[in-house]
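Undergrad: After the structure tokens below, expect a handful of questions from me.
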Protein chains: 2
Amino acid sequence: MTRILYALAGADRARPFSPHVWKVALSLAHKGLAYETVPVAFTEIPAIENGATKTVPLLRDGDRLVSDSFAIALYLDETYPDRPSLFGGEGGKALARFVESWAQTVVHTALVRFVVLDIHDCLGPEDRAYFRASREPRFGKSLEAVVEAGVGEIETFAAKLEPLRALLGKQAYFGGAGPSFADYIVFGALQWARIVSQKVILRDGDPVKDWFERCLDLHGGVGRSVTAA
Amino acid sequence: MTRILYALAGADRARPFSPHVWKVALSLAHKGLAYETVPVAFTEIPAIENGATKTVPLLRDGDRLVSDSFAIALYLDETYPDRPSLFGGEGGKALARFVESWAQTVVHTALVRFVVLDIHDCLGPEDRAYFRASREPRFGKSLEAVVEAGVGEIETFAAKLEPLRALLGKQAYFGGAGPSFADYIVFGALQWARIVSQKVILRDGDPVKDWFERCLDLHGGVGRSVTAA
């Protein structure tokens, strides 16, 4: 059986960085499912699997193709129910959507302002042109101006993570004593920053950093298989 | 069997306002469990049930006494497993802790700055003295100064609810198609503001307001049994 994870990468094909792909990489490891990673550039995505998707992750699992990280996690739990659950029941599925919403609206929106130029710089020439042309209109300014405006916000970023910090005062992971897909959702965002940028986003001594380091160690250290920028 | 919910109230004993008690009131209704509400003032709490608790909610369920809203919800699901679940499994329990952390660190900390003087004003004379003496040192300023500093923040409060707003673009409740304890956690905070304060916290047309109104209608409209301030 062929299991392939299409993963966004820059000029260095060995450094997949998409936060959403990392959610799936950890999920596959969580379930103990072997797979092959196929790196793709932004501008190559439309051509993979005969135009099956506009975005990665895309998972080929035998004759099934599934895109969207949350849909893939649901698919994996449904298809491999005998392996460790990613959600821990219907209530866990419903609330993982809140963690996703929090990660997208709070964590990603802040991080992208710190790392968007680092992302650009790690891309190959064709992707650089695509990335600038597609992202700058969204921000309404140049990538350089986005990052410049975000400099002071790195100092205040820690405060945005306070809900997670408070949670970590009660339990080791979003999933409780062990990790669940919700952990991988937030891990993906911080792993994205770790791989593309040398900026210090999390301070030593921050419980969120300790949790992130624990996540990097999970499942044989799959998160550390790509080194920090 | 005697089931009693001790609920914080001000000078008007018919208007319990504690956010944490409201979480439990909705949880009892969710499970279809009848109970009697016993209103108590802040300064009466240490005397109830022979000093069983320093805080409300306190639930007497026959010969059991349980305090802390989250502990009560866990107790209810464990004790009445045949009635509708408040958590929907272990994953739901774990992530409800994140919703609680988000509500405490983001929603409560903002709301209290808008309504703390309204809370004071709805209390009886003894409680007013206690409340001012205990809260002002926490804020490091007078209740009046807290509220004055918070005026401009009512305008920016909506942005803090963006993770919930994004969730409501995907599903009707934290619990998915129907409500769960996570809904009651956040409902409790907004119900607290609704009961003690005439300030407009949620705008018409905001999906969060629509969700809050749906929550007020749940279980025969138990949330509307106390009118808005």
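Ligands are numbered from 1 in the order shown, chains are lettered A, B, ... in the order of the structure tokens, and residues start at 1 in each chain.
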Check which residues of chain B sit at most 9 Å from chain A using only C-alpha atoms, and return one row each with the closest pair of atoms and their distance in Å to one decimal, ordered by chain and rising number, as JSON lines.

TA:
```
{"residue": "B:Leu86", "atom": "CA", "partner": "A:Gly91", "partner_atom": "CA", "distance": 8.7}
{"residue": "B:Phe87", "atom": "CA", "partner": "A:Gly91", "partner_atom": "CA", "distance": 5.7}
{"residue": "B:Gly88", "atom": "CA", "partner": "A:Gly91", "partner_atom": "CA", "distance": 4.1}
{"residue": "B:Gly89", "atom": "CA", "partner": "A:Gly89", "partner_atom": "CA", "distance": 5.1}
{"residue": "B:Glu90", "atom": "CA", "partner": "A:Gly88", "partner_atom": "CA", "distance": 5.6}
{"residue": "B:Gly91", "atom": "CA", "partner": "A:Gly88", "partner_atom": "CA", "distance": 4.1}
{"residue": "B:Gly92", "atom": "CA", "partner": "A:Gly92", "partner_atom": "CA", "distance": 3.9}
{"residue": "B:Lys93", "atom": "CA", "partner": "A:Gly92", "partner_atom": "CA", "distance": 7.5}
{"residue": "B:Ala94", "atom": "CA", "partner": "A:Gly176", "partner_atom": "CA", "distance": 5.0}
{"residue": "B:Leu95", "atom": "CA", "partner": "A:Phe174", "partner_atom": "CA", "distance": 6.0}
{"residue": "B:Ala96", "atom": "CA", "partner": "A:Leu95", "partner_atom": "CA", "distance": 7.3}
{"residue": "B:Arg97", "atom": "CA", "partner": "A:Leu167", "partner_atom": "CA", "distance": 6.5}
{"residue": "B:Phe98", "atom": "CA", "partner": "A:Leu167", "partner_atom": "CA", "distance": 5.6}
{"residue": "B:Val99", "atom": "CA", "partner": "A:Phe98", "partner_atom": "CA", "distance": 8.2}
{"residue": "B:Glu100", "atom": "CA", "partner": "A:Leu167", "partner_atom": "CA", "distance": 8.2}
{"residue": "B:Ser101", "atom": "CA", "partner": "A:Pro163", "partner_atom": "CA", "distance": 5.0}
{"residue": "B:Trp102", "atom": "CA", "partner": "A:Pro163", "partner_atom": "CA", "distance": 4.6}
{"residue": "B:Ala103", "atom": "CA", "partner": "A:Pro163", "partner_atom": "CA", "distance": 8.1}
{"residue": "B:Gln104", "atom": "CA", "partner": "A:Pro163", "partner_atom": "CA", "distance": 8.0}
{"residue": "B:Thr105", "atom": "CA", "partner": "A:Pro163", "partner_atom": "CA", "distance": 5.9}
{"residue": "B:Val106", "atom": "CA", "partner": "A:Pro163", "partner_atom": "CA", "distance": 7.4}
{"residue": "B:Glu162", "atom": "CA", "partner": "A:Thr105", "partner_atom": "CA", "distance": 6.7}
{"residue": "B:Pro163", "atom": "CA", "partner": "A:Trp102", "partner_atom": "CA", "distance": 4.6}
{"residue": "B:Leu164", "atom": "CA", "partner": "A:Phe98", "partner_atom": "CA", "distance": 7.0}
{"residue": "B:Arg165", "atom": "CA", "partner": "A:Ser101", "partner_atom": "CA", "distance": 8.4}
{"residue": "B:Ala166", "atom": "CA", "partner": "A:Ser101", "partner_atom": "CA", "distance": 5.6}
{"residue": "B:Leu167", "atom": "CA", "partner": "A:Phe98", "partner_atom": "CA", "distance": 5.6}
{"residue": "B:Lys170", "atom": "CA", "partner": "A:Arg97", "partner_atom": "CA", "distance": 8.0}
{"residue": "B:Gln171", "atom": "CA", "partner": "A:Ala94", "partner_atom": "CA", "distance": 8.4}
{"residue": "B:Tyr173", "atom": "CA", "partner": "A:Ala94", "partner_atom": "CA", "distance": 8.5}
{"residue": "B:Phe174", "atom": "CA", "partner": "A:Leu95", "partner_atom": "CA", "distance": 6.0}
{"residue": "B:Gly175", "atom": "CA", "partner": "A:Ala94", "partner_atom": "CA", "distance": 5.5}
{"residue": "B:Gly176", "atom": "CA", "partner": "A:Ala94", "partner_atom": "CA", "distance": 5.0}
{"residue": "B:Ala177", "atom": "CA", "partner": "A:Ala94", "partner_atom": "CA", "distance": 8.7}
{"residue": "B:Ser180", "atom": "CA", "partner": "A:Gly91", "partner_atom": "CA", "distance": 7.9}
{"residue": "B:Ala182", "atom": "CA", "partner": "A:Leu95", "partner_atom": "CA", "distance": 8.2}
```

Undergrad: Create the file for the chosen residues now, containing C-alpha atoms and written as an mmCIF file, in the first residue's frame.

TA:
```cif
data_model
loop_
_atom_site.group_PDB
_atom_site.id
_atom_site.type_symbol
_atom_site.label_atom_id
_atom_site.label_comp_id
_atom_site.auth_asym_id
_atom_site.auth_seq_id
_atom_site.Cartn_x
_atom_site.Cartn_y
_atom_site.Cartn_z
ATOM 1 C CA LEU B 86 -21.527 17.227 29.036
ATOM 2 C CA PHE B 87 -18.154 16.357 27.486
ATOM 3 C CA GLY B 88 -18.577 13.712 24.779
ATOM 4 C CA GLY B 89 -15.648 11.554 25.855
ATOM 5 C CA GLU B 90 -12.138 11.896 27.208
ATOM 6 C CA GLY B 91 -10.920 14.159 24.391
ATOM 7 C CA GLY B 92 -13.783 16.529 25.088
ATOM 8 C CA LYS B 93 -12.916 16.651 28.793
ATOM 9 C CA ALA B 94 -9.287 17.490 28.043
ATOM 10 C CA LEU B 95 -10.112 20.260 25.564
ATOM 11 C CA ALA B 96 -12.863 21.735 27.733
ATOM 12 C CA ARG B 97 -9.934 22.654 30.001
ATOM 13 C CA PHE B 98 -8.526 24.748 27.154
ATOM 14 C CA VAL B 99 -11.869 26.484 26.681
ATOM 15 C CA GLU B 100 -11.880 27.162 30.429
ATOM 16 C CA SER B 101 -8.344 28.569 30.200
ATOM 17 C CA TRP B 102 -9.305 30.772 27.248
ATOM 18 C CA ALA B 103 -12.465 31.976 29.015
ATOM 19 C CA GLN B 104 -10.553 32.802 32.215
ATOM 20 C CA THR B 105 -7.552 34.512 30.655
ATOM 21 C CA VAL B 106 -9.266 36.315 27.762
ATOM 22 C CA GLU B 162 -12.502 36.152 17.180
ATOM 23 C CA PRO B 163 -11.574 32.497 17.908
ATOM 24 C CA LEU B 164 -15.186 31.802 18.924
ATOM 25 C CA ARG B 165 -16.492 33.752 15.922
ATOM 26 C CA ALA B 166 -14.315 31.654 13.609
ATOM 27 C CA LEU B 167 -15.581 28.479 15.277
ATOM 28 C CA LYS B 170 -17.924 26.008 11.158
ATOM 29 C CA GLN B 171 -20.461 24.750 13.724
ATOM 30 C CA TYR B 173 -21.781 25.307 19.306
ATOM 31 C CA PHE B 174 -18.461 24.491 20.947
ATOM 32 C CA GLY B 175 -20.014 21.038 21.299
ATOM 33 C CA GLY B 176 -20.627 20.771 17.534
ATOM 34 C CA ALA B 177 -24.248 20.568 16.375
ATOM 35 C CA SER B 180 -21.600 20.893 25.633
ATOM 36 C CA ALA B 182 -17.559 24.145 26.905
#
```

Undergrad: If we count only C-alpha atoms and set the cut-off at 7 Å, which residues sit around Trp192 (chain B), ignoring sequence neighbours fewer than 4 positions away in its own chain? Please answer as a list in words.

TA: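 Close residues of Trp192 (chain B): Phe17, Ser18, Pro19, Gly188 and Val196 of chain B.
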
Undergrad: Since we have the selection now, will you write its residues out, keeping all heavy atoms, as a PDB file, in the first residue's frame?

TA:
```pdb
ATOM      1  N   PHE B  17     -25.831  35.625  39.906  1.00  0.00           N
ATOM      2  CA  PHE B  17     -25.059  36.179  38.789  1.00  0.00           C
ATOM      3  C   PHE B  17     -23.689  35.544  38.574  1.00  0.00           C
ATOM      4  O   PHE B  17     -23.017  35.833  37.588  1.00  0.00           O
ATOM      5  CB  PHE B  17     -24.904  37.702  38.952  1.00  0.00           C
ATOM      6  CG  PHE B  17     -24.155  38.115  40.186  1.00  0.00           C
ATOM      7  CD1 PHE B  17     -22.773  38.089  40.208  1.00  0.00           C
ATOM      8  CD2 PHE B  17     -24.831  38.527  41.340  1.00  0.00           C
ATOM      9  CE1 PHE B  17     -22.067  38.469  41.350  1.00  0.00           C
ATOM     10  CE2 PHE B  17     -24.137  38.901  42.480  1.00  0.00           C
ATOM     11  CZ  PHE B  17     -22.749  38.871  42.483  1.00  0.00           C
ATOM     12  N   SER B  18     -23.260  34.663  39.469  1.00  0.00           N
ATOM     13  CA  SER B  18     -21.910  34.100  39.321  1.00  0.00           C
ATOM     14  C   SER B  18     -21.767  33.333  38.002  1.00  0.00           C
ATOM     15  O   SER B  18     -22.557  32.445  37.690  1.00  0.00           O
ATOM     16  CB  SER B  18     -21.616  33.145  40.480  1.00  0.00           C
ATOM     17  OG  SER B  18     -20.582  32.238  40.109  1.00  0.00           O
ATOM     18  N   PRO B  19     -20.715  33.656  37.228  1.00  0.00           N
ATOM     19  CA  PRO B  19     -20.502  32.929  35.966  1.00  0.00           C
ATOM     20  C   PRO B  19     -20.307  31.440  36.181  1.00  0.00           C
ATOM     21  O   PRO B  19     -20.755  30.625  35.367  1.00  0.00           O
ATOM     22  CB  PRO B  19     -19.225  33.574  35.399  1.00  0.00           C
ATOM     23  CG  PRO B  19     -18.557  34.250  36.553  1.00  0.00           C
ATOM     24  CD  PRO B  19     -19.667  34.668  37.468  1.00  0.00           C
ATOM     25  N   GLY B 188     -21.406  31.291  30.669  1.00  0.00           N
ATOM     26  CA  GLY B 188     -21.428  31.782  32.046  1.00  0.00           C
ATOM     27  C   GLY B 188     -20.838  33.181  32.169  1.00  0.00           C
ATOM     28  O   GLY B 188     -21.388  34.042  32.870  1.00  0.00           O
ATOM     29  N   VAL B 196     -25.648  41.570  35.543  1.00  0.00           N
ATOM     30  CA  VAL B 196     -25.251  42.663  36.453  1.00  0.00           C
ATOM     31  C   VAL B 196     -25.142  44.024  35.767  1.00  0.00           C
ATOM     32  O   VAL B 196     -25.166  45.053  36.444  1.00  0.00           O
ATOM     33  CB  VAL B 196     -23.911  42.388  37.189  1.00  0.00           C
ATOM     34  CG1 VAL B 196     -24.008  41.125  38.032  1.00  0.00           C
ATOM     35  CG2 VAL B 196     -22.735  42.334  36.227  1.00  0.00           C
TER      36      VAL B 196
END
```

Undergrad: I'd like the neighbourhood of Asp61 (chain A) as a PyMOL selection string, where a residue qualifies if any of its atoms comes within 9 Å (using only C-alpha atoms), though same-chain residues fewer than 5 positions away should be ignored.

TA: chain A and resi 1-5+35+66

Undergrad: Could the residues in this selection be saved with N, CA and C atoms as a PDB file, in the first residue's frame?

TA:
```pdb
ATOM      1  N   MET A   1       0.841  -1.201   0.000  1.00  0.00           N
ATOM      2  CA  MET A   1       0.000   0.000   0.000  1.00  0.00           C
ATOM      3  C   MET A   1       0.877   1.253   0.000  1.00  0.00           C
ATOM      4  N   THR A   2       0.531   2.166  -0.868  1.00  0.00           N
ATOM      5  CA  THR A   2       1.304   3.402  -0.976  1.00  0.00           C
ATOM      6  C   THR A   2       0.665   4.497  -0.136  1.00  0.00           C
ATOM      7  N   ARG A   3       1.449   5.042   0.770  1.00  0.00           N
ATOM      8  CA  ARG A   3       0.950   6.185   1.552  1.00  0.00           C
ATOM      9  C   ARG A   3       1.917   7.354   1.355  1.00  0.00           C
ATOM     10  N   ILE A   4       1.411   8.438   0.766  1.00  0.00           N
ATOM     11  CA  ILE A   4       2.264   9.573   0.402  1.00  0.00           C
ATOM     12  C   ILE A   4       1.711  10.857   1.008  1.00  0.00           C
ATOM     13  N   LEU A   5       2.583  11.605   1.658  1.00  0.00           N
ATOM     14  CA  LEU A   5       2.202  12.932   2.149  1.00  0.00           C
ATOM     15  C   LEU A   5       2.906  13.987   1.299  1.00  0.00           C
ATOM     16  N   TYR A  35       4.810   6.323   5.976  1.00  0.00           N
ATOM     17  CA  TYR A  35       4.464   7.073   4.758  1.00  0.00           C
ATOM     18  C   TYR A  35       5.735   7.639   4.153  1.00  0.00           C
ATOM     19  N   VAL A  66      -6.909  12.583   0.205  1.00  0.00           N
ATOM     20  CA  VAL A  66      -7.593  13.453   1.160  1.00  0.00           C
ATOM     21  C   VAL A  66      -6.761  14.722   1.349  1.00  0.00           C
TER      22      VAL A  66
END
```

Undergrad: Quote the spacing between CA of Thr227 (chain B) and CA of Arg15 (chain B) in Å to one decimal place.

TA: 8.2 Å

Undergrad: Using CA of Ala172 (chain A) and CA of Trp211 (chain A) as the two end points, give the distance in Å to one decimal.

TA: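 Straight-line distance from CA of Ala172 (chain A) to CA of Trp211 (chain A) works out to 7.3 Å.
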
Undergrad: Between CA of Arg113 (chain A) and CA of Gly221 (chain A), what is the distance in Å, rounded to a tenth?

TA: 27.8 Å

Undergrad: So that I can see what lies close to region 25-32 of chain B, please list as a PyMOL selection string the residues with an atom at most 10 Å from it, counting only C-alpha atoms and leaving out residues fewer than 3 positions away in the same chain.

TA: chain B and resi 5+7+19-22+35+37+57+69+72-73+76-77+80-86+179-181+183-185+187-188+215-216+218-223

Undergrad: Restricting it to N, CA and C atoms, dump the selection as an mmCIF file, in the first residue's frame.

TA:
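Produced file selection-v9.cif, reproduced below:
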```
data_model
loop_
_atom_site.group_PDB
_atom_site.id
_atom_site.type_symbol
_atom_site.label_atom_id
_atom_site.label_comp_id
_atom_site.auth_asym_id
_atom_site.auth_seq_id
_atom_site.Cartn_x
_atom_site.Cartn_y
_atom_site.Cartn_z
ATOM 1 N N LEU B 5 -28.257 23.663 44.629
ATOM 2 C CA LEU B 5 -27.163 24.452 44.047
ATOM 3 C C LEU B 5 -27.071 25.772 44.808
ATOM 4 N N ALA B 7 -25.898 29.347 45.102
ATOM 5 C CA ALA B 7 -25.640 30.296 44.010
ATOM 6 C C ALA B 7 -25.439 31.698 44.561
ATOM 7 N N PRO B 19 -20.715 33.656 37.228
ATOM 8 C CA PRO B 19 -20.502 32.929 35.966
ATOM 9 C C PRO B 19 -20.307 31.440 36.181
ATOM 10 N N HIS B 20 -19.658 31.094 37.271
ATOM 11 C CA HIS B 20 -19.341 29.694 37.535
ATOM 12 C C HIS B 20 -20.583 28.921 37.973
ATOM 13 N N VAL B 21 -21.477 29.605 38.682
ATOM 14 C CA VAL B 21 -22.745 28.963 39.049
ATOM 15 C C VAL B 21 -23.610 28.751 37.804
ATOM 16 N N TRP B 22 -23.581 29.715 36.884
ATOM 17 C CA TRP B 22 -24.378 29.560 35.648
ATOM 18 C C TRP B 22 -23.896 28.377 34.808
ATOM 19 N N TYR B 35 -33.327 20.548 40.603
ATOM 20 C CA TYR B 35 -32.579 21.011 41.775
ATOM 21 C C TYR B 35 -33.235 22.269 42.312
ATOM 22 N N THR B 37 -32.359 26.032 43.904
ATOM 23 C CA THR B 37 -31.291 27.033 44.023
ATOM 24 C C THR B 37 -31.378 27.701 45.386
ATOM 25 N N PRO B 57 -19.812 27.816 42.697
ATOM 26 C CA PRO B 57 -20.891 26.910 43.060
ATOM 27 C C PRO B 57 -20.470 25.822 44.048
ATOM 28 N N SER B 69 -16.855 24.480 39.476
ATOM 29 C CA SER B 69 -17.780 24.192 38.370
ATOM 30 C C SER B 69 -17.297 23.045 37.484
ATOM 31 N N ILE B 72 -17.757 19.801 39.255
ATOM 32 C CA ILE B 72 -19.177 19.438 39.305
ATOM 33 C C ILE B 72 -19.620 18.832 37.967
ATOM 34 N N ALA B 73 -19.178 19.417 36.868
ATOM 35 C CA ALA B 73 -19.545 18.883 35.543
ATOM 36 C C ALA B 73 -18.996 17.465 35.381
ATOM 37 N N LEU B 76 -21.116 15.164 37.483
ATOM 38 C CA LEU B 76 -22.445 14.900 36.909
ATOM 39 C C LEU B 76 -22.360 13.874 35.774
ATOM 40 N N ASP B 77 -21.339 13.996 34.919
ATOM 41 C CA ASP B 77 -21.215 13.031 33.812
ATOM 42 C C ASP B 77 -20.896 11.632 34.334
ATOM 43 N N TYR B 80 -24.196 10.370 36.376
ATOM 44 C CA TYR B 80 -25.406 10.186 35.566
ATOM 45 C C TYR B 80 -25.030 9.898 34.111
ATOM 46 N N PRO B 81 -24.358 8.763 33.889
ATOM 47 C CA PRO B 81 -23.846 8.464 32.542
ATOM 48 C C PRO B 81 -24.946 8.203 31.515
ATOM 49 N N ASP B 82 -26.154 7.885 31.976
ATOM 50 C CA ASP B 82 -27.233 7.590 31.031
ATOM 51 C C ASP B 82 -27.904 8.850 30.503
ATOM 52 N N ARG B 83 -27.587 9.981 31.093
ATOM 53 C CA ARG B 83 -28.160 11.248 30.611
ATOM 54 C C ARG B 83 -27.184 11.911 29.642
ATOM 55 N N PRO B 84 -27.650 12.869 28.842
ATOM 56 C CA PRO B 84 -26.782 13.472 27.811
ATOM 57 C C PRO B 84 -25.433 13.923 28.376
ATOM 58 N N SER B 85 -24.371 13.529 27.694
ATOM 59 C CA SER B 85 -23.029 13.847 28.187
ATOM 60 C C SER B 85 -22.721 15.334 28.080
ATOM 61 N N LEU B 86 -21.985 15.833 29.058
ATOM 62 C CA LEU B 86 -21.527 17.227 29.036
ATOM 63 C C LEU B 86 -20.204 17.379 28.281
ATOM 64 N N PRO B 179 -24.955 21.825 22.165
ATOM 65 C CA PRO B 179 -24.071 22.398 23.181
ATOM 66 C C PRO B 179 -23.403 21.354 24.077
ATOM 67 N N SER B 180 -22.281 21.730 24.648
ATOM 68 C CA SER B 180 -21.600 20.893 25.633
ATOM 69 C C SER B 180 -21.143 21.800 26.776
ATOM 70 N N PHE B 181 -20.469 21.223 27.759
ATOM 71 C CA PHE B 181 -20.027 22.029 28.910
ATOM 72 C C PHE B 181 -19.160 23.211 28.467
ATOM 73 N N ASP B 183 -19.587 25.135 25.973
ATOM 74 C CA ASP B 183 -20.486 26.260 25.698
ATOM 75 C C ASP B 183 -20.889 26.944 26.996
ATOM 76 N N TYR B 184 -21.185 26.139 28.011
ATOM 77 C CA TYR B 184 -21.660 26.714 29.275
ATOM 78 C C TYR B 184 -20.545 27.504 29.968
ATOM 79 N N ILE B 185 -19.293 27.093 29.728
ATOM 80 C CA ILE B 185 -18.166 27.828 30.310
ATOM 81 C C ILE B 185 -18.161 29.269 29.813
ATOM 82 N N PHE B 187 -20.620 30.771 28.030
ATOM 83 C CA PHE B 187 -21.937 31.357 28.306
ATOM 84 C C PHE B 187 -21.952 32.001 29.686
ATOM 85 N N GLY B 188 -21.406 31.291 30.669
ATOM 86 C CA GLY B 188 -21.428 31.782 32.046
ATOM 87 C C GLY B 188 -20.838 33.181 32.169
ATOM 88 N N CYS B 215 -27.920 30.076 23.364
ATOM 89 C CA CYS B 215 -27.638 29.486 24.683
ATOM 90 C C CYS B 215 -28.694 29.905 25.713
ATOM 91 N N LEU B 216 -29.133 31.143 25.633
ATOM 92 C CA LEU B 216 -30.178 31.612 26.560
ATOM 93 C C LEU B 216 -31.476 30.813 26.373
ATOM 94 N N LEU B 218 -31.647 27.624 25.508
ATOM 95 C CA LEU B 218 -31.480 26.180 25.733
ATOM 96 C C LEU B 218 -32.268 25.667 26.939
ATOM 97 N N HIS B 219 -32.672 24.405 26.855
ATOM 98 C CA HIS B 219 -33.270 23.705 28.000
ATOM 99 C C HIS B 219 -34.445 24.498 28.585
ATOM 100 N N GLY B 220 -35.333 24.925 27.701
ATOM 101 C CA GLY B 220 -36.505 25.654 28.166
ATOM 102 C C GLY B 220 -36.222 27.088 28.575
ATOM 103 N N GLY B 221 -35.096 27.612 28.143
ATOM 104 C CA GLY B 221 -34.793 29.021 28.418
ATOM 105 C C GLY B 221 -34.364 29.284 29.847
ATOM 106 N N VAL B 222 -33.649 28.344 30.453
ATOM 107 C CA VAL B 222 -33.211 28.523 31.848
ATOM 108 C C VAL B 222 -32.339 29.782 31.999
ATOM 109 N N GLY B 223 -31.578 30.105 30.979
ATOM 110 C CA GLY B 223 -30.731 31.292 31.039
ATOM 111 C C GLY B 223 -31.541 32.591 31.075
#
```

Undergrad: Please, which residues of region 82-187 of chain A, numbered as in this document, come out helix (DSSP H, G or I) from DSSP, as a PyMOL selection string?

TA: chain A and resi 90-122+125-139+143-150+153-160+162-168+181-187

Undergrad: Using only C-alpha atoms, please write the residues we just selected to a file, as an mmCIF file, in the first residue's frame.

TA:
```cif
data_model
loop_
_atom_site.group_PDB
_atom_site.id
_atom_site.type_symbol
_atom_site.label_atom_id
_atom_site.label_comp_id
_atom_site.auth_asym_id
_atom_site.auth_seq_id
_atom_site.Cartn_x
_atom_site.Cartn_y
_atom_site.Cartn_z
ATOM 1 C CA GLU A 90 -16.984 13.271 19.449
ATOM 2 C CA GLY A 91 -16.510 15.971 22.081
ATOM 3 C CA GLY A 92 -12.816 16.055 21.297
ATOM 4 C CA LYS A 93 -13.504 16.450 17.569
ATOM 5 C CA ALA A 94 -15.866 19.359 18.180
ATOM 6 C CA LEU A 95 -13.462 21.204 20.496
ATOM 7 C CA ALA A 96 -10.433 20.559 18.286
ATOM 8 C CA ARG A 97 -12.251 22.916 15.899
ATOM 9 C CA PHE A 98 -12.028 25.612 18.569
ATOM 10 C CA VAL A 99 -8.312 24.996 19.005
ATOM 11 C CA GLU A 100 -7.976 25.268 15.209
ATOM 12 C CA SER A 101 -9.926 28.555 15.267
ATOM 13 C CA TRP A 102 -7.756 29.891 18.081
ATOM 14 C CA ALA A 103 -4.555 28.828 16.311
ATOM 15 C CA GLN A 104 -5.634 30.428 13.032
ATOM 16 C CA THR A 105 -6.964 33.704 14.406
ATOM 17 C CA VAL A 106 -4.446 34.282 17.215
ATOM 18 C CA VAL A 107 -1.260 32.254 16.697
ATOM 19 C CA HIS A 108 -0.935 32.142 12.887
ATOM 20 C CA THR A 109 -1.962 35.755 12.327
ATOM 21 C CA ALA A 110 0.762 36.871 14.740
ATOM 22 C CA LEU A 111 3.488 34.459 13.592
ATOM 23 C CA VAL A 112 3.065 35.170 9.892
ATOM 24 C CA ARG A 113 3.927 38.809 10.543
ATOM 25 C CA PHE A 114 7.235 37.742 12.085
ATOM 26 C CA VAL A 115 8.267 35.096 9.547
ATOM 27 C CA VAL A 116 6.716 35.976 6.194
ATOM 28 C CA LEU A 117 9.972 37.328 4.793
ATOM 29 C CA ASP A 118 11.901 34.318 6.109
ATOM 30 C CA ILE A 119 9.418 32.090 4.278
ATOM 31 C CA HIS A 120 9.997 34.070 1.099
ATOM 32 C CA ASP A 121 13.742 33.795 1.472
ATOM 33 C CA CYS A 122 13.709 30.010 1.783
ATOM 34 C CA PRO A 125 13.047 31.646 -7.600
ATOM 35 C CA GLU A 126 9.667 30.769 -9.142
ATOM 36 C CA ASP A 127 7.978 30.383 -5.785
ATOM 37 C CA ARG A 128 9.445 33.675 -4.565
ATOM 38 C CA ALA A 129 7.697 35.543 -7.356
ATOM 39 C CA TYR A 130 4.417 33.690 -6.735
ATOM 40 C CA PHE A 131 4.629 34.198 -2.964
ATOM 41 C CA ARG A 132 5.256 37.928 -3.140
ATOM 42 C CA ALA A 133 2.572 38.461 -5.768
ATOM 43 C CA SER A 134 -0.058 36.502 -3.799
ATOM 44 C CA ARG A 135 0.790 37.645 -0.236
ATOM 45 C CA GLU A 136 1.524 41.334 -0.619
ATOM 46 C CA PRO A 137 -2.027 42.185 -1.793
ATOM 47 C CA ARG A 138 -3.415 40.291 1.237
ATOM 48 C CA PHE A 139 -1.337 42.377 3.627
ATOM 49 C CA LEU A 143 6.654 41.648 2.883
ATOM 50 C CA GLU A 144 9.459 43.819 4.230
ATOM 51 C CA ALA A 145 6.944 46.321 5.611
ATOM 52 C CA VAL A 146 4.879 43.529 7.218
ATOM 53 C CA VAL A 147 7.897 42.205 9.087
ATOM 54 C CA GLU A 148 9.039 45.676 10.108
ATOM 55 C CA ALA A 149 5.603 46.435 11.566
ATOM 56 C CA GLY A 150 5.694 43.133 13.455
ATOM 57 C CA GLU A 153 4.889 42.420 18.471
ATOM 58 C CA ILE A 154 7.367 39.625 19.148
ATOM 59 C CA GLU A 155 7.666 41.100 22.637
ATOM 60 C CA THR A 156 3.908 40.963 23.168
ATOM 61 C CA PHE A 157 3.406 37.596 21.446
ATOM 62 C CA ALA A 158 3.852 35.655 24.703
ATOM 63 C CA ALA A 159 0.708 37.279 26.100
ATOM 64 C CA LYS A 160 -1.351 35.864 23.243
ATOM 65 C CA GLU A 162 -1.734 32.883 27.844
ATOM 66 C CA PRO A 163 -4.701 30.513 27.342
ATOM 67 C CA LEU A 164 -2.282 27.701 26.459
ATOM 68 C CA ARG A 165 0.006 28.648 29.341
ATOM 69 C CA ALA A 166 -2.936 28.472 31.737
ATOM 70 C CA LEU A 167 -3.904 25.073 30.329
ATOM 71 C CA LEU A 168 -0.374 23.788 30.869
ATOM 72 C CA PHE A 181 -4.602 16.367 17.266
ATOM 73 C CA ALA A 182 -5.232 19.671 19.053
ATOM 74 C CA ASP A 183 -1.588 19.641 20.192
ATOM 75 C CA TYR A 184 -0.465 19.053 16.623
ATOM 76 C CA ILE A 185 -2.579 21.995 15.431
ATOM 77 C CA VAL A 186 -0.698 24.473 17.600
ATOM 78 C CA PHE A 187 2.605 22.626 17.294
#
```
